[in-house]
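Note sheet for the following structure.
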Amino acid sequence: QVQLKESGGGLVQPGGSLRLSCAASEQNIEYYAIAWFRQAPGKGREGVACQSMSDRNQYYGDSVKGRSTISRDSAENAFHLQLNSLKPEDTAVYYCATDPDVLMRLCIHGLAPESEYSRWGQGTQVTVSS
């Protein structure tokens with residue numbers, strides 16, 4: 001089973017940028033739908049971004065739309081989330097998630113719920129504060 005590990009979190013000032021990475025333990029990540037979620041203190045887990053297995057579809061949560069980009073690096077068995085113009089309300093633990101999706105079900109018409117993803121990382125903390 002694919003194991004995922006996030007990196008790239010940290011403390012950043014408002015208006016700054018971060019690039020989160022998710023390293024997969026196995027190859028063939030190109031056959032997976034990929035996603036990022038986040039969980040702020042006292043809140044439920046929220047979908048941030050997803051990309052379909054074909055890479056033709058990308059969707060973003062309303063809270064980060066226009067400020068974030070999800071991308072896949074199949075050669076490195078990794079995927080990333082670029083976050084720009086960060087705000088204090090972006091403070092959260094960010095999780096990467098994947099699921100094998102040869103049937104092309106996920107991230108086709110919008111963000112898929114967390115229940116659709118079977119592989120999860122442990123999370124990386126992002127804190128936006130001056």
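Order determines the names: the first chain of the structure tokens is A, the second B, and so forth; residues in each chain are numbered 1 upward, and ligands are numbered 1 upward as they are shown.
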**Study point:** Non-local contacts of Lys5 in chain A (9 Å; only C-alpha atoms; under 4 positions in same chain excluded) as a count of residues only
**Key:** 12
Review point. Any idea what's packed within 8 Å of range 61-75 of chain A, counting only C-alpha atoms, ignoring anything in its chain fewer than 4 positions away? Could you give it as JSON, numbers by chain?
Key: {"A": [27, 28, 29, 30, 47, 48, 49, 50, 51, 79, 80, 81, 82, 83, 84, 85, 86, 111]}
Review point. DSSP says strand (DSSP E) for which residues of range 23-63 of chain A? Put them as number ranges by chain?
Key: A: 23-24, 32-39, 45-51, 58-60
Review point. Quick one: of A:Tyr60, A:Trp36, A:Tyr31, A:Tyr117, who's nearest to Thr98 in chain A, counting only C-alpha atoms?
Key: A:Tyr117
Check your understanding: Could you pull out all residues of chain A with a DSSP call of helix (DSSP H, G or I) and give them as a list in words?
Key -> Ile29, Glu30, Tyr31, Ser74, Ala75, Glu76, Pro88, Glu89, Asp90, Glu114, Ser115 and Glu116 of chain A
Go ahead and write the selection's residues with N, CA and C atoms as a PDB file, in the first residue's frame.
ATOM      1  N   ILE A  29       2.374   6.542  -9.406  1.00  0.00           N
ATOM      2  CA  ILE A  29       1.438   7.512  -8.848  1.00  0.00           C
ATOM      3  C   ILE A  29       0.590   8.153  -9.946  1.00  0.00           C
ATOM      4  N   GLU A  30       0.997   7.976 -11.196  1.00  0.00           N
ATOM      5  CA  GLU A  30       0.202   8.531 -12.287  1.00  0.00           C
ATOM      6  C   GLU A  30      -1.145   7.842 -12.417  1.00  0.00           C
ATOM      7  N   TYR A  31      -1.332   6.700 -11.766  1.00  0.00           N
ATOM      8  CA  TYR A  31      -2.605   5.990 -11.807  1.00  0.00           C
ATOM      9  C   TYR A  31      -3.512   6.343 -10.628  1.00  0.00           C
ATOM     10  N   SER A  74       5.235  12.715 -11.587  1.00  0.00           N
ATOM     11  CA  SER A  74       5.246  11.253 -11.606  1.00  0.00           C
ATOM     12  C   SER A  74       6.667  10.689 -11.584  1.00  0.00           C
ATOM     13  N   ALA A  75       7.608  11.399 -12.187  1.00  0.00           N
ATOM     14  CA  ALA A  75       8.994  10.929 -12.210  1.00  0.00           C
ATOM     15  C   ALA A  75       9.568  10.852 -10.803  1.00  0.00           C
ATOM     16  N   GLU A  76       9.112  11.744  -9.933  1.00  0.00           N
ATOM     17  CA  GLU A  76       9.600  11.780  -8.557  1.00  0.00           C
ATOM     18  C   GLU A  76       8.640  11.095  -7.592  1.00  0.00           C
ATOM     19  N   PRO A  88      -4.056  34.447   7.480  1.00  0.00           N
ATOM     20  CA  PRO A  88      -4.103  33.753   8.782  1.00  0.00           C
ATOM     21  C   PRO A  88      -5.121  32.613   8.804  1.00  0.00           C
ATOM     22  N   GLU A  89      -6.213  32.761   8.076  1.00  0.00           N
ATOM     23  CA  GLU A  89      -7.234  31.715   8.052  1.00  0.00           C
ATOM     24  C   GLU A  89      -6.812  30.473   7.271  1.00  0.00           C
ATOM     25  N   ASP A  90      -5.665  30.522   6.628  1.00  0.00           N
ATOM     26  CA  ASP A  90      -5.108  29.333   5.989  1.00  0.00           C
ATOM     27  C   ASP A  90      -4.364  28.445   6.987  1.00  0.00           C
ATOM     28  N   GLU A 114     -13.463  13.342   1.496  1.00  0.00           N
ATOM     29  CA  GLU A 114     -12.312  12.631   2.050  1.00  0.00           C
ATOM     30  C   GLU A 114     -12.550  11.132   2.114  1.00  0.00           C
ATOM     31  N   SER A 115     -13.781  10.708   2.211  1.00  0.00           N
ATOM     32  CA  SER A 115     -14.089   9.284   2.297  1.00  0.00           C
ATOM     33  C   SER A 115     -13.698   8.516   1.041  1.00  0.00           C
ATOM     34  N   GLU A 116     -13.476   9.216  -0.062  1.00  0.00           N
ATOM     35  CA  GLU A 116     -13.129   8.569  -1.330  1.00  0.00           C
ATOM     36  C   GLU A 116     -11.642   8.241  -1.431  1.00  0.00           C
TER      37      GLU A 116
END
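In this model, the gap between CA of Arg56 in chain A and CA of Asp99 in chain A comes to 16.3 Å.
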**Study point:** Nearest candidate to Ile34 in chain A (options A:Val126, A:Val2, A:Ile108, A:Met53; using only C-alpha atoms)
**Key:** A:Met53
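Between CA of Ser17 in chain A and CA of Ala33 in chain A there is a distance of 24.5 Å.
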